[in-house]
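Structure file start_5.csv with CSV, C-alpha atoms and all ligand atoms:
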```
chain,number,residue,atom,x,y,z
A,215,MET,CA,-26.7,11.7,24.7
A,216,SER,CA,-25.1,13.5,21.7
A,217,GLU,CA,-24.9,11.4,18.5
A,218,LEU,CA,-21.4,10.8,17.0
A,219,PRO,CA,-21.1,12.5,13.6
A,220,LEU,CA,-21.3,10.2,10.5
A,221,ARG,CA,-17.8,10.0,9.2
A,222,THR,CA,-17.0,9.7,5.5
A,223,ALA,CA,-14.1,7.5,4.3
A,224,LEU,CA,-12.5,7.7,0.9
A,225,VAL,CA,-10.7,4.5,0.0
A,226,THR,CA,-8.6,4.4,-3.2
A,227,GLY,CA,-8.3,1.3,-5.3
A,228,ALA,CA,-11.4,-0.2,-3.8
A,229,ASN,CA,-12.3,-2.9,-6.4
A,230,SER,CA,-10.0,-5.6,-5.2
A,231,GLY,CA,-7.6,-7.0,-2.5
A,232,LEU,CA,-7.0,-4.8,0.5
A,233,GLY,CA,-8.9,-1.8,-0.9
A,234,LEU,CA,-12.2,-3.7,-1.2
A,235,ALA,CA,-11.7,-5.5,2.1
A,236,SER,CA,-11.0,-2.1,3.8
A,237,ALA,CA,-14.0,-0.4,2.2
A,238,LEU,CA,-16.3,-3.2,3.4
A,239,GLU,CA,-14.8,-3.3,6.9
A,240,LEU,CA,-15.2,0.5,7.3
A,241,ALA,CA,-18.8,0.3,6.0
A,242,ARG,CA,-19.5,-2.5,8.5
A,243,GLY,CA,-18.2,-0.1,11.2
A,244,GLY,CA,-20.9,2.4,10.3
A,245,LEU,CA,-18.9,4.9,8.2
A,246,ARG,CA,-20.2,6.3,4.9
A,247,VAL,CA,-17.7,4.8,2.5
A,248,VAL,CA,-16.7,6.0,-1.0
A,249,GLY,CA,-14.4,3.7,-2.9
A,250,THR,CA,-12.5,4.8,-6.0
A,251,VAL,CA,-12.1,2.5,-9.0
A,252,ARG,CA,-10.8,2.9,-12.5
A,253,SER,CA,-13.9,1.8,-14.6
A,254,ALA,CA,-17.6,1.4,-14.5
A,255,ASP,CA,-17.2,-2.4,-14.5
A,256,LYS,CA,-15.0,-2.2,-11.4
A,257,ALA,CA,-17.6,0.0,-9.8
A,258,ARG,CA,-20.2,-2.7,-10.4
A,259,LYS,CA,-17.9,-5.3,-8.8
A,260,VAL,CA,-17.7,-3.1,-5.6
A,261,GLU,CA,-21.4,-2.6,-5.6
A,262,ALA,CA,-22.0,-6.4,-5.9
A,263,ALA,CA,-19.5,-7.1,-3.1
A,264,ALA,CA,-21.1,-4.5,-0.9
A,265,ALA,CA,-24.5,-5.9,-1.5
A,266,ASP,CA,-23.2,-9.4,-0.6
A,267,ALA,CA,-21.8,-8.0,2.6
A,268,GLY,CA,-25.0,-6.2,3.3
A,269,VAL,CA,-23.5,-2.7,3.6
A,270,PRO,CA,-23.6,0.4,1.4
A,271,VAL,CA,-20.4,1.5,-0.5
A,272,GLU,CA,-20.5,4.3,-3.0
A,273,THR,CA,-18.0,4.5,-5.8
A,274,ARG,CA,-16.3,7.2,-7.9
A,275,ILE,CA,-14.2,6.7,-11.0
A,276,LEU,CA,-10.6,7.9,-10.4
A,277,ASP,CA,-7.1,7.1,-11.6
A,278,VAL,CA,-5.1,8.5,-8.8
A,279,THR,CA,-2.4,9.8,-11.2
A,280,ASP,CA,-5.0,12.3,-12.6
A,281,ALA,CA,-4.5,15.4,-10.5
A,282,ALA,CA,-7.7,17.2,-11.6
A,283,GLY,CA,-9.7,14.0,-11.0
A,284,CYS,CA,-8.3,13.8,-7.4
A,285,LYS,CA,-9.3,17.4,-6.7
A,286,ASP,CA,-12.9,16.8,-8.0
A,287,VAL,CA,-13.3,13.6,-6.0
A,288,VAL,CA,-12.0,15.2,-2.7
A,289,GLU,CA,-14.1,18.3,-3.2
A,290,ASP,CA,-17.2,16.2,-3.8
A,291,VAL,CA,-16.6,13.6,-1.0
A,292,ARG,CA,-14.9,15.8,1.6
A,293,PRO,CA,-13.6,12.8,3.5
A,294,ASP,CA,-13.0,12.7,7.3
A,295,VAL,CA,-10.9,9.5,6.6
A,296,LEU,CA,-8.6,9.0,3.7
A,297,VAL,CA,-7.2,5.5,3.0
A,298,ASN,CA,-4.5,5.7,0.4
A,299,ASN,CA,-4.5,2.1,-0.7
A,300,ALA,CA,-4.2,2.2,-4.6
A,301,GLY,CA,-0.9,0.9,-5.8
A,302,GLY,CA,0.7,-1.4,-8.3
A,303,THR,CA,4.0,-3.4,-8.4
A,304,CYS,CA,7.1,-2.8,-10.3
A,305,TYR,CA,8.9,-6.2,-10.4
A,306,ALA,CA,12.0,-5.5,-12.5
A,307,PRO,CA,15.8,-4.9,-12.0
A,308,VAL,CA,16.2,-1.1,-11.2
A,309,ALA,CA,18.3,-0.4,-14.3
A,310,ASP,CA,15.8,-2.1,-16.6
A,311,VAL,CA,13.0,0.3,-15.8
A,312,MET,CA,12.7,3.2,-18.2
A,313,GLU,CA,12.2,6.6,-16.8
A,314,GLU,CA,8.7,7.0,-18.0
A,315,GLU,CA,7.6,3.8,-16.3
A,316,ALA,CA,9.5,4.7,-13.1
A,317,ARG,CA,7.9,8.2,-13.0
A,318,HIS,CA,4.4,6.6,-13.4
A,319,HIS,CA,5.1,4.2,-10.6
A,320,VAL,CA,6.4,7.1,-8.3
A,321,GLU,CA,3.4,9.2,-9.4
A,322,THR,CA,1.0,6.4,-8.2
A,323,ALA,CA,2.9,5.5,-5.0
A,324,VAL,CA,4.1,8.9,-3.8
A,325,PHE,CA,2.7,12.0,-5.5
A,326,ALA,CA,-0.9,10.7,-5.6
A,327,PRO,CA,-1.4,9.7,-1.9
A,328,ILE,CA,0.3,12.9,-0.8
A,329,ARG,CA,-1.8,15.0,-3.2
A,330,LEU,CA,-5.0,13.4,-1.9
A,331,ALA,CA,-3.9,14.1,1.6
A,332,ARG,CA,-3.1,17.7,0.8
A,333,LEU,CA,-6.5,18.1,-0.8
A,334,ALA,CA,-8.3,16.4,2.2
A,335,ILE,CA,-6.4,18.1,5.0
A,336,PRO,CA,-8.3,21.5,4.8
A,337,HIS,CA,-11.7,19.7,5.2
A,338,MET,CA,-10.3,17.7,8.2
A,339,GLN,CA,-8.8,20.9,9.7
A,340,ASP,CA,-12.2,22.6,9.5
A,341,ARG,CA,-13.8,19.8,11.5
A,342,GLY,CA,-10.8,19.4,13.8
A,343,TRP,CA,-10.8,15.7,13.1
A,344,GLY,CA,-9.2,13.6,10.4
A,345,ARG,CA,-7.5,10.2,9.7
A,346,ILE,CA,-5.1,9.5,6.9
A,347,VAL,CA,-4.1,5.9,6.5
A,348,GLN,CA,-1.2,5.3,4.2
A,349,VAL,CA,-1.0,1.7,3.0
A,350,SER,CA,2.7,0.9,2.7
A,351,SER,CA,4.4,-2.5,2.9
A,352,VAL,CA,7.3,-4.2,4.7
A,353,ALA,CA,9.0,-2.9,1.5
A,354,GLY,CA,8.7,0.6,3.0
A,355,LYS,CA,11.6,-0.2,5.2
A,356,VAL,CA,13.3,-3.3,3.9
A,357,THR,CA,15.0,-3.7,0.5
A,358,TYR,CA,15.2,-6.8,-1.8
A,359,PRO,CA,16.5,-7.1,-5.3
A,360,LEU,CA,14.2,-6.9,-8.4
A,361,MET,CA,11.6,-4.7,-6.6
A,362,GLY,CA,13.7,-1.5,-6.4
A,363,TRP,CA,11.1,0.9,-7.8
A,364,TYR,CA,8.3,-0.5,-5.7
A,365,GLN,CA,10.4,-0.2,-2.6
A,366,ALA,CA,11.5,3.3,-3.6
A,367,GLY,CA,7.8,4.4,-3.8
A,368,LYS,CA,7.0,2.9,-0.4
A,369,HIS,CA,10.1,4.2,1.3
A,370,ALA,CA,9.4,7.8,0.0
A,371,MET,CA,5.7,7.5,1.0
A,372,GLU,CA,6.6,6.5,4.5
A,373,ALA,CA,9.1,9.3,4.9
A,374,LEU,CA,6.6,11.9,3.8
A,375,SER,CA,3.9,10.3,5.9
A,376,ASP,CA,6.1,10.4,9.0
A,377,ALA,CA,6.8,14.1,8.4
A,378,LEU,CA,3.2,14.9,7.7
A,379,ARG,CA,2.0,13.1,10.9
A,380,LEU,CA,4.1,15.5,13.0
A,381,GLU,CA,3.0,18.5,11.0
A,382,VAL,CA,-0.8,18.0,11.2
A,383,ALA,CA,-1.1,16.4,14.6
A,384,GLY,CA,-2.0,19.8,16.2
A,385,SER,CA,-5.2,19.9,14.0
A,386,GLY,CA,-6.7,16.7,15.3
A,387,ILE,CA,-5.5,14.8,12.2
A,388,HIS,CA,-3.7,11.5,12.6
A,389,VAL,CA,-1.6,10.0,9.9
A,390,ALA,CA,-0.9,6.2,10.2
A,391,VAL,CA,1.3,4.0,8.1
A,392,VAL,CA,0.1,0.4,7.7
A,393,ALA,CA,2.9,-1.8,6.7
A,394,PRO,CA,1.8,-5.4,5.9
A,395,GLY,CA,3.9,-8.3,4.8
A,396,GLY,CA,2.4,-10.6,2.2
A,397,PHE,CA,-1.3,-11.3,1.6
A,398,ARG,CA,-2.9,-12.9,-1.4
A,399,SER,CA,-4.1,-10.3,-4.0
A,400,GLY,CA,-3.8,-9.2,-7.6
A,401,ILE,CA,-0.3,-7.9,-6.8
A,402,THR,CA,1.1,-11.3,-5.5
A,403,GLU,CA,-0.5,-13.2,-8.3
A,404,GLU,CA,1.4,-11.1,-10.8
A,405,MET,CA,4.8,-12.6,-9.8
A,406,ALA,CA,4.1,-15.9,-11.7
A,407,ASP,CA,3.5,-13.8,-14.9
A,408,VAL,CA,6.7,-11.8,-14.3
A,409,ALA,CA,8.7,-15.0,-13.9
A,410,HIS,CA,7.2,-16.2,-17.2
A,411,ARG,CA,8.1,-12.9,-19.0
A,412,TYR,CA,11.7,-13.0,-17.9
A,413,ARG,CA,12.2,-16.6,-19.1
A,414,GLY,CA,15.3,-16.9,-21.3
A,415,SER,CA,16.8,-13.6,-19.9
A,416,LYS,CA,19.8,-13.4,-17.6
A,417,TYR,CA,17.3,-12.8,-14.8
A,418,ALA,CA,15.3,-15.9,-15.5
A,419,THR,CA,16.6,-17.9,-12.5
A,420,ALA,CA,16.2,-15.0,-10.2
A,421,PHE,CA,12.6,-14.3,-11.0
A,422,ARG,CA,11.8,-18.1,-11.0
A,423,ARG,CA,13.3,-18.4,-7.5
A,424,LEU,CA,11.5,-15.2,-6.3
A,425,ASP,CA,8.3,-16.7,-7.5
A,426,LEU,CA,9.2,-20.0,-5.7
A,427,GLY,CA,10.1,-17.9,-2.6
A,428,PHE,CA,6.6,-16.3,-2.6
A,429,THR,CA,5.1,-19.8,-2.7
A,430,LEU,CA,7.3,-21.0,0.2
A,431,VAL,CA,6.6,-18.0,2.5
A,432,GLU,CA,2.9,-17.9,1.7
A,433,PRO,CA,1.9,-19.9,4.8
A,434,PHE,CA,3.3,-17.0,6.8
A,435,TRP,CA,1.3,-14.4,5.0
A,436,THR,CA,-1.6,-12.6,6.6
A,437,ASP,CA,-5.2,-12.9,5.6
A,438,VAL,CA,-6.3,-9.7,3.7
A,439,GLN,CA,-9.3,-9.4,6.2
A,440,ARG,CA,-6.8,-9.1,9.1
A,441,VAL,CA,-5.0,-6.2,7.3
A,442,ALA,CA,-8.3,-4.5,6.5
A,443,GLU,CA,-9.2,-4.7,10.2
A,444,VAL,CA,-5.9,-2.9,11.0
A,445,VAL,CA,-6.7,-0.3,8.4
A,446,ALA,CA,-10.2,0.2,9.9
A,447,HIS,CA,-8.7,0.6,13.4
A,448,ALA,CA,-6.1,3.1,12.2
A,449,ALA,CA,-8.9,5.0,10.4
A,450,THR,CA,-11.3,5.2,13.3
A,451,ALA,CA,-9.5,4.9,16.7
A,452,GLU,CA,-9.4,7.9,18.9
A,453,GLN,CA,-5.6,7.6,19.3
A,454,PRO,CA,-4.2,5.5,16.4
A,455,HIS,CA,-0.6,4.5,16.4
A,456,GLY,CA,1.7,6.1,13.8
A,457,ARG,CA,2.7,2.8,12.3
A,458,TYR,CA,1.2,-0.7,12.2
A,459,VAL,CA,3.3,-3.6,11.0
A,460,VAL,CA,1.0,-6.5,10.1
A,461,GLY,CA,2.1,-10.2,9.7
A,462,ARG,CA,4.7,-12.6,11.0
A,463,ASP,CA,6.7,-12.3,7.8
A,464,ALA,CA,6.8,-8.5,8.0
A,465,HIS,CA,7.9,-8.5,11.7
A,466,ALA,CA,10.6,-11.1,10.9
A,467,SER,CA,11.9,-9.2,7.9
A,468,LEU,CA,12.1,-6.0,9.8
A,469,LEU,CA,13.9,-7.6,12.7
A,470,VAL,CA,16.6,-9.2,10.4
A,471,SER,CA,17.0,-6.1,8.4
A,472,ARG,CA,17.5,-3.8,11.4
A,473,PHE,CA,20.0,-6.2,12.9
A,474,VAL,CA,22.0,-6.7,9.6
A,475,GLU,CA,22.1,-3.0,8.8
A,476,ASN,CA,23.9,-2.1,12.1
A,477,PHE,CA,27.0,-4.0,11.0
A,478,ARG,CA,29.0,-3.3,7.8
A,479,VAL,CA,30.0,-6.9,7.6
A,480,GLY,CA,26.3,-7.8,8.1
A,481,VAL,CA,25.4,-6.0,4.9
A,482,GLU,CA,28.2,-7.7,3.0
A,483,LEU,CA,27.1,-11.1,4.2
A,484,ARG,CA,23.5,-10.4,3.6
A,485,ASP,CA,24.2,-9.3,0.0
A,486,LYS,CA,26.3,-12.4,-0.7
A,487,ALA,CA,23.6,-14.7,0.8
A,488,VAL,CA,20.7,-13.0,-1.1
A,489,ARG,CA,22.6,-13.0,-4.4
A,490,ARG,CA,23.3,-16.7,-4.1
A,491,LEU,CA,19.9,-17.6,-2.8
A,492,ILE,CA,18.1,-15.8,-5.6
A,493,GLY,CA,20.6,-16.7,-8.3
A,494,LEU,CA,21.4,-13.2,-9.5
A,495,PRO,CA,23.8,-13.0,-12.5
B,1,LIG,N1,-0.5,-8.0,-1.6
B,1,LIG,C1,0.5,-7.8,-0.9
B,1,LIG,O1,1.2,-8.8,-0.5
B,1,LIG,C2,0.8,-6.4,-0.3
B,1,LIG,C3,1.8,-6.3,0.7
B,1,LIG,C4,2.1,-5.1,1.2
B,1,LIG,C5,1.5,-4.0,0.7
B,1,LIG,N2,0.5,-4.1,-0.3
B,1,LIG,C6,-0.1,-2.9,-0.7
B,1,LIG,O2,-1.5,-3.0,-0.6
B,1,LIG,C7,-2.2,-2.1,-1.5
B,1,LIG,C8,-3.3,-2.8,-2.2
B,1,LIG,O3,-2.8,-3.8,-3.1
B,1,LIG,P1,-3.4,-5.2,-3.2
B,1,LIG,O4,-2.3,-6.2,-2.7
B,1,LIG,O5,-4.7,-5.3,-2.5
B,1,LIG,O6,-3.4,-5.4,-4.8
B,1,LIG,P2,-4.6,-5.3,-5.8
B,1,LIG,O7,-5.7,-6.3,-5.5
B,1,LIG,O8,-4.0,-5.4,-7.2
B,1,LIG,O9,-5.2,-3.8,-5.6
B,1,LIG,C9,-4.6,-2.7,-6.1
B,1,LIG,C10,-5.6,-1.6,-6.3
B,1,LIG,O10,-5.0,-0.4,-6.6
B,1,LIG,C11,-5.6,0.1,-7.8
B,1,LIG,N3,-4.7,1.0,-8.5
B,1,LIG,C12,-3.5,0.7,-9.0
B,1,LIG,N4,-3.0,1.8,-9.7
B,1,LIG,C13,-4.0,2.8,-9.6
B,1,LIG,C14,-4.1,4.1,-10.1
B,1,LIG,N5,-3.1,4.7,-10.8
B,1,LIG,N6,-5.2,4.8,-9.9
B,1,LIG,C15,-6.2,4.2,-9.2
B,1,LIG,N7,-6.2,2.9,-8.7
B,1,LIG,C16,-5.1,2.2,-8.9
B,1,LIG,C17,-6.0,-1.1,-8.6
B,1,LIG,O11,-7.0,-0.8,-9.6
B,1,LIG,P3,-7.1,-1.6,-10.9
B,1,LIG,O12,-7.9,-2.9,-10.6
B,1,LIG,O13,-7.8,-0.7,-11.8
B,1,LIG,O14,-5.7,-1.9,-11.4
B,1,LIG,C18,-6.6,-1.9,-7.5
B,1,LIG,O15,-7.9,-1.5,-7.1
B,1,LIG,C19,-1.0,-1.5,-2.4
B,1,LIG,O16,-0.7,-0.2,-2.0
B,1,LIG,C20,0.1,-2.5,-2.2
B,1,LIG,O17,1.4,-1.9,-2.4
B,1,LIG,C21,0.2,-5.3,-0.8
```
Rewrite the structure of this file - the entire thing - as structure tokens.
Amino acid sequence: MSELPLRTALVTGANSGLGLASALELARGGLRVVGTVRSADKARKVEAAAADAGVPVETRILDVTDAAGCKDVVEDVRPDVLVNNAGGTCYAPVADVMEEEARHHVETAVFAPIRLARLAIPHMQDRGWGRIVQVSSVAGKVTYPLMGWYQAGKHAMEALSDALRLEVAGSGIHVAVVAPGGFRSGITEEMADVAHRYRGSKYATAFRRLDLGFTLVEPFWTDVQRVAEVVAHAATAEQPHGRYVVGRDAHASLLVSRFVENFRVGVELRDKAVRRLIGLP
């Protein structure tokens, strides 16, 4: 019986939340896993978590906005599987975000994952096998107020990923978008700080209610391990789907959003309801 080749997975943002859970899950599945982190301290955290889980996970230092660093890491690792997970939030009214900050967000959320994919594709093409998993969000299709730049990044990344999937499918490369709803992580814990930062501003009520909203919907969130299992499936299945929506909250949001957007009056009613509910000025 011929042995299956050892696959190498590169996971960005592997020191916490979904990145760490996905790196461990892929390593448990028998892949060689290289996780990127932004500091030596964070690398030690990954090594400790991997030791606790009883699996090996290598690390490389990389800020995904560093184009030369991305090239070096991909040339060194030559991944069969790329999991573009690294990402941050941008909780703020659209017009309050200065261009430099917005560019940095789009650089992390859009240019970096596509750059890493572009660098990894030739290696995947040489082997006639590759998997690119793009960690998006329900915010890749649905839009809420006060997260406009975050959503812009995820929407753009999904559009590019859908086009890329069609373009590289002939080389044995599958591109899958994983779109989770909420799960507890560094990102979600940030909302309480943001609400605190906006205290006394005209958006104080809106951020306070958004924070409260997060708390109220949390029972419907998914466990990060469940999302990591979906990432690992998309990264290793012989025939992965193009898109995975994960979580009851994500399915419900998408359903409502699709329904509402088919009717002009639906959008008006939705806007009125959301503005009142959130308490926008
Ligand atoms: N949590 C949710 O409810 C949720 C829902 C849907 C989608 N997502 C998506 O899931 C992914 C993982 O987020 P998470 O929730 O697991 O949050 P997290 O625990 O805060 O993890 C984010 C990871 O991305 C890394 N990162 C951010 N900017 C980076 C950069 N420029 N270069 C390299 N690494 C960078 C962070 O590194 P540092 O520790 O150095 O900052 C961290 O490792 C994100 O793409 C997020 O949009 C999250």
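Minimum atom-to-atom distance to Thr450 of chain A, evaluated using only C-alpha atoms, belongs to A:Arg345 out of A:Arg317, A:His337, A:Arg329, A:Arg345.
Taking atom CA of Arg221 of chain A and atom CA of Ala257 of chain A as endpoints, the distance between them is 21.5 Å.
Residues having any atom no farther than 12 Å from (-7.9, -6.8, -6.3) (counting all atoms listed in the file) are Thr226, Gly227, Ala228, Asn229, Ser230, Gly231, Leu232, Gly233, Leu234, Ala235, Ser236, Val251, Arg252, Lys256, Lys259, Val260, Asn299, Ala300, Gly301, Gly302, Phe397, Arg398, Ser399, Gly400, Ile401, Thr402, Glu403, Glu404 and Val438 of chain A.
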Open item on the list: Show me, as a ChimeraX atom specification, the residues that have an atom within 10 Å of Gly342 of chain A when counting all atoms listed in the file, minus same-chain residues fewer than 5 positions from it.
Closed with: /A:294,335-337,384-387
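Within 10 Å of the point (-20.8, 3.8, -2.0), counting all atoms listed in the file, the protein and nucleic acid residues come to Ala223, Leu224, Ala237, Leu238, Ala241, Arg246, Val247, Val248, Gly249, Thr250, Ala257, Val260, Glu261, Ala264, Val269, Pro270, Val271, Glu272, Thr273 and Arg274 of chain A.
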Task: Asp280 of chain A environment, 10 Å, all atoms listed in the file, sequence neighbours closer than 5 positions dropped, as a PyMOL selection string - done: chain A and resi 285+321-322+326
Same residues, C-alpha atoms, saved as a tab-separated table (two decimals), in the frame of the given file:
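Output (selection_25.tsv):
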```tsv
chain	number	residue	atom	x	y	z
A	285	LYS	CA	-9.30	17.40	-6.70
A	321	GLU	CA	3.40	9.20	-9.40
A	322	THR	CA	1.00	6.40	-8.20
A	326	ALA	CA	-0.90	10.70	-5.60
```
Which residues, written as a PDB file with C-alpha atoms, in the coordinates of the input, have at least one atom at most 6 Å from Ile346 of chain A, with all atoms listed in the file counted and residues fewer than 5 positions away on the same chain left out?
```
ATOM      1  CA  VAL A 295     -10.900   9.500   6.600  1.00  0.00           C
ATOM      2  CA  LEU A 296      -8.600   9.000   3.700  1.00  0.00           C
ATOM      3  CA  VAL A 297      -7.200   5.500   3.000  1.00  0.00           C
ATOM      4  CA  VAL A 389      -1.600  10.000   9.900  1.00  0.00           C
TER       5      VAL A 389
END
```
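Across the model, the gap from atom CA of Ser351 of chain A to atom C19 of ligand LIG 1 (chain B) is 7.6 Å.
Computed from the coordinates, the atom CA of Glu475 of chain A to atom CA of Thr357 of chain A distance equals 10.9 Å.
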TODO: Give me the residues within 9 Å of Tyr458 of chain A as number ranges by chain, counting only C-alpha atoms and dropping any in the same chain fewer than 4 places off.
DONE: A: 390-394, 444-445, 448
